[in-house]
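Take a look at the structure set out below.
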Amino acid sequence: MARPGKVRLGDLLVQQKLISQDQLKFGLEQQKRSGRKLGRVLVDNAFVTEENISEALAKQLNIPYINLKYYHINIEKVRMLPENQARRFRAIVLEERNGMLLIGMADPTDLSAFDEITRIVKRDIDIAVVTEGQLLESIDRGYRRTDEITGLARELSEDIGDTYVDFGALTDAVGMEEAPVVKLLQTMFDDASQIRASDIHIEPQEGRVVIRFRIDGVLHLQTEADSKIAPALVLRLKLMSGLDISEKRLPQDGRFHVRVRDQGVDVRIATCPTQNGESVVMRLLRQDGGMIGLDKLGMPPEMLKRFREIIRRSNGMILVTGPTGSGKTTTLYSALAEINTLEQKIITVEDPVEYRLPGINQVQVNEKIDLTFSRVLRSALRQDPDVILVGEMRDAETAQIGLRAAMTGHLVFSTLHTRDAAGTLFRLVDMGTPRFMVASSVQAVLAQRLLRRVCESCSEAHLPSPQEGEWLKTEGVPPEQWGGLLHGRGCSHCNGTGYHGREGVYEMLEMNREMVEAAAHDDVSHFMQVARQHMLGKTIMDHAMKEMKQGRTTVAEVMRISNQVED
């Protein structure tokens, strides 16, 4: 095709009535001040969307606009353009058509990029317009590091050979960044970041070491390699996190900070001795990703409204409950971020500190030096706080100090590992906390789980299996209501899993006068009866079933949740 012509984006958007002259003028002033592209300035100020800009360019240049969300990329074709150039020119090879390559570009008017891409791929090219956000996501998926990781692992294995190498000597000395073990770890972090992995597991087995990534709560195999490389990886990671490299018999915990693709990542590391060597699990906490707002967590609108009102009270305890990995910390930090103002003094007591929030005093518990939850909490109360977050109510002493603080004019947030909202109050009583203290201090209990979302790019109608069908019937969903059920077929967007991302499902028990009176008495059955009455139609399962019927999650995911919350 002919080289595209130059287009003045601002004039084009005004001409197509997507923005006003005033908005263009404002955008040009911002562009001049910040040096950013005009399109990015207009999108960031919510004057237009990326889709609006791409469709306007496509219309003006008479070329197609492709929505990459529903486009299944061909990895072989994508890699015809090296990754560095793909990111630099904001371009991706999509497919071959009539002997020409179809290239998706975020800015099809970039003439120098057009010429350079033509030179690199040594083919005639056609252009389609794509949005920059979707393009960058597609580049992340298209240039996965799996082959590179396998190759580096093999290189490291050959480098080690059959002789002992002192990898403890691998420090940050000049030239060490080229050592195979360092390159392998950096590539592993890059790949994990590209596919939104939350954890990296390095597990030595007999004769091999298995590396797995946890994505959307489920582990996926990344690669397998010779078991010889496991000690090298573990030693390097111990050095990075300041752990004792000579201690291989006891579990150790630590943390370190890395930069992955220009983004800061805090890594929490835990080692554990196994029969075949030390196993390592790393939790990746992205610091530049921004805190998720409460309105993005997926709470039903009515519950969100009430929760926002409760977290603005001046005293009382708010508990978030659920199993490990159910998103409790994210919910609590979203609440803290919302009430974090100059007028509030907020102190958190955590083990470990997972997110770092500006303007908040965060304290890390350290059991080794007797810096326990209860001890830090007592000290925190002498710091004149308005709001306190206690990472977890682990024992009766911590629970009682937290509840007393809630009674004496502080707002206290904390978590507990219980199955549902109603059972949480009795868990506190079982821990030895006086019943009157629980009844008078707790303001609300939020119970939650995380459901995997159906991948929008490959979702399709789903006919339940016989087992799923029987379960649906017992849950009151007859066959005539199965029409809207979906599942993901598996595609390049979701790494073949059929799921992409997760969302929370919630239930909230608010302590009104009737609930307080019921909780203050010994009759557990009466309290549960009152609690169920208040939760009618608003339980975790009700929320999960609604998400399933609306096609946002699958029957299998809701069945998994039901096993966690029902008897």
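Following the order of the structure tokens, first chain is A, next is B, and so on, with residues numbered from 1 inside each chain and ligands from 1 in the order they appear.
With only C-alpha atoms taken into account, the protein and nucleic acid residues at most 9 Å from Gln23 (chain A) (excluding it and anything under 5 positions from it in its own chain) are Leu28, Leu42 and Phe47 of chain A.
Neighbours of Arg513 (chain A) closer than or equal to 10 Å, with only C-alpha atoms counted and sequence neighbours fewer than 6 positions away skipped, come out as Ala439, Ser440 and Ala519 of chain A.
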Dump of N, CA and C atoms for the selected residues, as an mmCIF file, in the first residue's frame:
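File written: selection_13.cif
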data_model
loop_
_atom_site.group_PDB
_atom_site.id
_atom_site.type_symbol
_atom_site.label_atom_id
_atom_site.label_comp_id
_atom_site.auth_asym_id
_atom_site.auth_seq_id
_atom_site.Cartn_x
_atom_site.Cartn_y
_atom_site.Cartn_z
ATOM 1 N N ALA A 439 -19.905 -7.458 70.464
ATOM 2 C CA ALA A 439 -21.197 -6.890 70.061
ATOM 3 C C ALA A 439 -21.148 -5.368 69.963
ATOM 4 N N SER A 440 -20.411 -4.723 70.882
ATOM 5 C CA SER A 440 -20.436 -3.262 70.921
ATOM 6 C C SER A 440 -19.366 -2.611 70.045
ATOM 7 N N ALA A 519 -26.154 -10.718 69.279
ATOM 8 C CA ALA A 519 -24.766 -11.148 69.480
ATOM 9 C C ALA A 519 -24.361 -11.107 70.951
#
* Which residue gives the smallest distance to Leu156 (chain A) among A:Asp226, A:Glu116, A:Asp110, A:Glu137, with only C-alpha atoms counted? -> A:Asp226
* To do: Quick one: everything within 9 Å of Tyr70 (chain A), counting only C-alpha atoms, minus sequence neighbours fewer than 6 positions away in the same chain. Send it as a PyMOL selection string.
  => chain A and resi 456-458+493
* **Surrounding residues of region 197-212 of chain A excluding itself and chain neighbours under 3 positions, 8 Å, only C-alpha atoms, as an MDAnalysis selection string** => chainID A and resid 192:194 215:217 219:230 276:285
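For the choices A:Met515, A:Met548, A:Ala406, A:Val130, the atom-to-atom distance to Trp482 (chain A) is smallest for A:Met548 when using only C-alpha atoms.
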* To do: Using only C-alpha atoms, determine which residues lie at most 7 Å from region 103-109 of chain A, disregarding the query and same-chain residues fewer than 3 positions distant; provide the list as a ChimeraX atom specification.
  => /A:4-7,90-94,125-132
For the residues selected in the previous step, produce a file with C-alpha atoms as a JSON list (two decimals), in the first residue's frame.
[["chain", "number", "residue", "atom", "x", "y", "z"],
["A", 4, "PRO", "CA", -0.06, 7.00, 4.77],
["A", 5, "GLY", "CA", -0.46, 10.75, 4.68],
["A", 6, "LYS", "CA", 0.23, 13.09, 7.59],
["A", 7, "VAL", "CA", -2.84, 13.92, 9.68],
["A", 90, "ARG", "CA", 3.97, 0.83, 18.61],
["A", 91, "ALA", "CA", 3.35, -1.79, 15.91],
["A", 92, "ILE", "CA", 2.58, -5.51, 15.69],
["A", 93, "VAL", "CA", 2.51, -7.99, 12.79],
["A", 94, "LEU", "CA", -1.02, -9.41, 12.65],
["A", 125, "ILE", "CA", 2.96, -4.03, 4.25],
["A", 126, "ASP", "CA", -0.66, -3.07, 4.80],
["A", 127, "ILE", "CA", -1.67, -1.04, 7.85],
["A", 128, "ALA", "CA", -4.59, -1.30, 10.27],
["A", 129, "VAL", "CA", -5.23, 1.01, 13.22],
["A", 130, "VAL", "CA", -5.18, -0.45, 16.74],
["A", 131, "THR", "CA", -5.43, 1.21, 20.16],
["A", 132, "GLU", "CA", -2.16, 1.68, 22.04]]
* When DSSP works through the backbone of this structure, what residues of region 287-506 of chain A end up as alpha helix (DSSP H), shown as a PyMOL selection string? -> chain A and resi 301-310+328-339+373-381+396-407+421-430+435-441+466-474
* **Neighbour list for Ile75 (chain A) as a PyMOL selection string, cut-off 8 Å, only C-alpha atoms, skip fewer than 3 positions in-chain** => chain A and resi 78-79+142-143
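Closest approach to Met80 (chain A) among A:Thr118, A:Thr330, A:Gln443, A:Thr433: A:Thr118, based on only C-alpha atoms.
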Can you check which parts of region 260-317 of chain A lie within 12 Å of region 378-395 of chain A? Per residue, the shortest pair of atoms and distance in Å to one decimal, counting only C-alpha atoms, sorted by chain and number, as a Markdown table.
| residue | atom | partner | partner_atom | distance |
| --- | --- | --- | --- | --- |
| A:Ile311 | CA | A:Val387 | CA | 9.8 |
| A:Arg312 | CA | A:Val387 | CA | 10.1 |
| A:Arg313 | CA | A:Val387 | CA | 10.0 |
| A:Ser314 | CA | A:Asp386 | CA | 7.5 |
| A:Asn315 | CA | A:Val387 | CA | 8.3 |
| A:Gly316 | CA | A:Val387 | CA | 9.8 |
| A:Met317 | CA | A:Ile388 | CA | 9.5 |
Kindly export the residues of the current selection with all heavy atoms, as a JSON list (two decimals), in the first residue's frame.
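Okay, result.json is ready:
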[["chain", "number", "residue", "atom", "x", "y", "z"],
["A", 311, "ILE", "N", -16.82, 3.10, 56.54],
["A", 311, "ILE", "CA", -15.38, 3.36, 56.70],
["A", 311, "ILE", "C", -15.08, 4.82, 57.03],
["A", 311, "ILE", "O", -13.94, 5.16, 57.35],
["A", 311, "ILE", "CB", -14.56, 2.93, 55.46],
["A", 311, "ILE", "CG1", -14.93, 3.77, 54.24],
["A", 311, "ILE", "CG2", -14.71, 1.44, 55.20],
["A", 311, "ILE", "CD1", -14.03, 3.51, 53.02],
["A", 312, "ARG", "N", -16.09, 5.66, 56.97],
["A", 312, "ARG", "CA", -15.89, 7.07, 57.33],
["A", 312, "ARG", "C", -16.33, 7.37, 58.77],
["A", 312, "ARG", "O", -16.32, 8.51, 59.18],
["A", 312, "ARG", "CB", -16.64, 7.97, 56.34],
["A", 312, "ARG", "CG", -15.91, 8.10, 55.01],
["A", 312, "ARG", "CD", -16.67, 8.91, 53.98],
["A", 312, "ARG", "NE", -15.81, 9.23, 52.85],
["A", 312, "ARG", "CZ", -15.50, 8.38, 51.87],
["A", 312, "ARG", "NH1", -16.01, 7.15, 51.89],
["A", 312, "ARG", "NH2", -14.70, 8.73, 50.89],
["A", 313, "ARG", "N", -16.72, 6.33, 59.51],
["A", 313, "ARG", "CA", -17.07, 6.54, 60.92],
["A", 313, "ARG", "C", -15.81, 6.80, 61.73],
["A", 313, "ARG", "O", -14.70, 6.46, 61.32],
["A", 313, "ARG", "CB", -17.82, 5.31, 61.45],
["A", 313, "ARG", "CG", -19.20, 5.16, 60.82],
["A", 313, "ARG", "CD", -19.91, 3.92, 61.31],
["A", 313, "ARG", "NE", -21.20, 3.76, 60.63],
["A", 313, "ARG", "CZ", -21.97, 2.69, 60.74],
["A", 313, "ARG", "NH1", -21.59, 1.68, 61.51],
["A", 313, "ARG", "NH2", -23.12, 2.63, 60.10],
["A", 314, "SER", "N", -15.99, 7.37, 62.90],
["A", 314, "SER", "CA", -14.83, 7.76, 63.71],
["A", 314, "SER", "C", -14.33, 6.65, 64.62],
["A", 314, "SER", "O", -13.21, 6.71, 65.12],
["A", 314, "SER", "CB", -15.19, 8.98, 64.56],
["A", 314, "SER", "OG", -16.29, 8.67, 65.41],
["A", 315, "ASN", "N", -15.15, 5.63, 64.85],
["A", 315, "ASN", "CA", -14.70, 4.54, 65.72],
["A", 315, "ASN", "C", -15.42, 3.24, 65.35],
["A", 315, "ASN", "O", -16.38, 3.24, 64.59],
["A", 315, "ASN", "CB", -14.94, 4.87, 67.19],
["A", 315, "ASN", "CG", -16.42, 4.96, 67.50],
["A", 315, "ASN", "OD1", -17.11, 5.86, 67.01],
["A", 315, "ASN", "ND2", -16.92, 4.03, 68.30],
["A", 316, "GLY", "N", -14.93, 2.14, 65.94],
["A", 316, "GLY", "CA", -15.50, 0.82, 65.67],
["A", 316, "GLY", "C", -14.54, -0.04, 64.89],
["A", 316, "GLY", "O", -13.49, 0.42, 64.42],
["A", 317, "MET", "N", -14.87, -1.33, 64.77],
["A", 317, "MET", "CA", -14.01, -2.27, 64.06],
["A", 317, "MET", "C", -14.70, -2.76, 62.78],
["A", 317, "MET", "O", -15.89, -3.09, 62.78],
["A", 317, "MET", "CB", -13.65, -3.47, 64.94],
["A", 317, "MET", "CG", -12.78, -4.51, 64.23],
["A", 317, "MET", "SD", -12.26, -5.85, 65.31],
["A", 317, "MET", "CE", -10.91, -5.06, 66.19]]
List the neighbours of Tyr355 (chain A) out to 12 Å using only C-alpha atoms; skip same-chain residues closer than 3 positions along the sequence, and give me the result as a CSV table (one decimal) with N, CA, C and O atoms, in the first residue's frame.
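Below is the file that was written, part12.csv:
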chain,number,residue,atom,x,y,z
A,264,GLY,N,8.6,-0.7,39.2
A,264,GLY,CA,9.1,-1.2,40.5
A,264,GLY,C,8.3,-2.4,41.0
A,264,GLY,O,7.1,-2.3,41.0
A,265,VAL,N,8.9,-3.5,41.4
A,265,VAL,CA,8.2,-4.7,41.9
A,265,VAL,C,8.9,-5.1,43.2
A,265,VAL,O,10.1,-5.3,43.3
A,266,ASP,N,8.1,-5.1,44.3
A,266,ASP,CA,8.6,-5.7,45.6
A,266,ASP,C,8.3,-7.2,45.5
A,266,ASP,O,7.2,-7.6,45.1
A,267,VAL,N,9.3,-7.9,45.9
A,267,VAL,CA,9.3,-9.4,45.9
A,267,VAL,C,9.4,-9.9,47.3
A,267,VAL,O,10.4,-9.7,48.0
A,268,ARG,N,8.4,-10.6,47.7
A,268,ARG,CA,8.4,-11.3,49.0
A,268,ARG,C,8.8,-12.7,48.8
A,268,ARG,O,8.3,-13.4,47.9
A,283,ARG,N,6.3,-13.8,46.0
A,283,ARG,CA,5.1,-13.1,45.7
A,283,ARG,C,5.5,-11.7,45.1
A,283,ARG,O,6.3,-11.0,45.6
A,284,LEU,N,4.9,-11.4,43.9
A,284,LEU,CA,5.2,-10.2,43.2
A,284,LEU,C,4.2,-9.1,43.5
A,284,LEU,O,3.0,-9.3,43.3
A,285,LEU,N,4.7,-8.0,44.1
A,285,LEU,CA,3.8,-6.9,44.5
A,285,LEU,C,4.2,-5.6,43.7
A,285,LEU,O,5.3,-5.0,43.9
A,286,ARG,N,3.5,-5.3,42.7
A,286,ARG,CA,3.8,-4.2,41.8
A,286,ARG,C,3.5,-2.9,42.5
A,286,ARG,O,2.4,-2.6,42.8
A,287,GLN,N,4.5,-2.0,42.6
A,287,GLN,CA,4.4,-0.8,43.4
A,287,GLN,C,3.9,0.4,42.5
A,287,GLN,O,3.3,1.3,43.0
A,288,ASP,N,4.1,0.3,41.2
A,288,ASP,CA,3.7,1.4,40.3
A,288,ASP,C,2.3,1.1,39.7
A,288,ASP,O,1.8,1.9,38.9
A,289,GLY,N,1.7,0.0,40.0
A,289,GLY,CA,0.4,-0.3,39.4
A,289,GLY,C,-0.8,0.5,39.9
A,289,GLY,O,-1.8,0.5,39.3
A,290,GLY,N,-0.6,1.2,41.0
A,290,GLY,CA,-1.7,2.1,41.5
A,290,GLY,C,-2.7,1.2,42.3
A,290,GLY,O,-2.9,0.1,42.1
A,291,MET,N,-3.2,1.9,43.3
A,291,MET,CA,-4.2,1.2,44.2
A,291,MET,C,-5.5,1.0,43.5
A,291,MET,O,-6.0,1.9,42.8
A,292,ILE,N,-6.2,-0.1,43.6
A,292,ILE,CA,-7.5,-0.3,43.0
A,292,ILE,C,-8.5,0.4,43.8
A,292,ILE,O,-8.6,0.3,45.1
A,329,THR,N,-6.5,-8.1,51.7
A,329,THR,CA,-5.6,-7.0,51.8
A,329,THR,C,-5.9,-5.9,50.8
A,329,THR,O,-5.8,-4.7,51.1
A,330,THR,N,-6.2,-6.3,49.6
A,330,THR,CA,-6.5,-5.3,48.5
A,330,THR,C,-7.7,-4.5,48.9
A,330,THR,O,-7.7,-3.3,48.7
A,331,THR,N,-8.8,-5.2,49.4
A,331,THR,CA,-10.0,-4.5,49.9
A,331,THR,C,-9.6,-3.5,51.0
A,331,THR,O,-10.1,-2.3,50.9
A,332,LEU,N,-8.9,-3.9,52.0
A,332,LEU,CA,-8.5,-3.0,53.1
A,332,LEU,C,-7.7,-1.8,52.6
A,332,LEU,O,-8.0,-0.7,53.0
A,333,TYR,N,-6.8,-2.0,51.7
A,333,TYR,CA,-5.9,-0.9,51.3
A,333,TYR,C,-6.8,0.0,50.4
A,333,TYR,O,-6.5,1.2,50.4
A,334,SER,N,-7.7,-0.5,49.6
A,334,SER,CA,-8.6,0.4,48.8
A,334,SER,C,-9.4,1.3,49.8
A,334,SER,O,-9.6,2.4,49.5
A,336,LEU,N,-8.5,2.1,52.9
A,336,LEU,CA,-7.5,3.1,53.5
A,336,LEU,C,-7.2,4.2,52.5
A,336,LEU,O,-7.1,5.4,52.9
A,337,ALA,N,-7.0,3.9,51.2
A,337,ALA,CA,-6.6,4.9,50.2
A,337,ALA,C,-7.8,5.9,50.1
A,337,ALA,O,-7.5,7.1,49.9
A,348,THR,N,-0.6,1.2,60.2
A,348,THR,CA,-0.8,-0.2,59.9
A,348,THR,C,0.2,-1.1,60.6
A,348,THR,O,1.4,-0.7,60.7
A,350,GLU,N,1.5,-4.9,60.2
A,350,GLU,CA,1.4,-6.0,59.2
A,350,GLU,C,2.5,-7.0,59.2
A,350,GLU,O,3.6,-6.7,59.7
A,351,ASP,N,2.2,-8.1,58.7
A,351,ASP,CA,3.3,-9.2,58.6
A,351,ASP,C,3.0,-10.0,57.3
A,351,ASP,O,2.3,-10.9,57.3
A,352,PRO,N,3.7,-9.6,56.2
A,352,PRO,CA,4.6,-8.4,56.0
A,352,PRO,C,3.8,-7.2,55.5
A,352,PRO,O,2.6,-7.4,55.2
A,358,PRO,N,1.6,6.2,50.4
A,358,PRO,CA,2.2,7.5,50.9
A,358,PRO,C,1.3,8.1,52.0
A,358,PRO,O,0.0,8.0,51.9
A,360,ILE,N,1.0,7.1,55.1
A,360,ILE,CA,0.5,6.2,56.1
A,360,ILE,C,1.8,5.6,56.8
A,360,ILE,O,2.8,5.3,56.2
A,361,ASN,N,1.7,5.5,58.1
A,361,ASN,CA,2.8,4.9,58.9
A,361,ASN,C,2.6,3.4,59.0
A,361,ASN,O,1.6,2.9,59.5
A,362,GLN,N,3.5,2.6,58.3
A,362,GLN,CA,3.4,1.2,58.2
A,362,GLN,C,4.5,0.5,59.0
A,362,GLN,O,5.6,0.8,58.9
A,363,VAL,N,4.1,-0.4,59.9
A,363,VAL,CA,5.0,-1.1,60.8
A,363,VAL,C,5.0,-2.6,60.4
A,363,VAL,O,3.9,-3.3,60.3
A,364,GLN,N,6.2,-3.2,60.3
A,364,GLN,CA,6.3,-4.6,60.0
A,364,GLN,C,6.6,-5.4,61.3
A,364,GLN,O,7.5,-5.1,62.0
A,391,GLY,N,-3.0,-6.3,60.4
A,391,GLY,CA,-3.0,-7.2,59.3
A,391,GLY,C,-3.8,-8.4,59.6
A,391,GLY,O,-4.5,-8.9,58.7
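Closest approach to Gly322 (chain A) among A:Gln275, A:Thr49, A:Thr418, A:Ser374 is made by A:Thr418 (distances from only C-alpha atoms).
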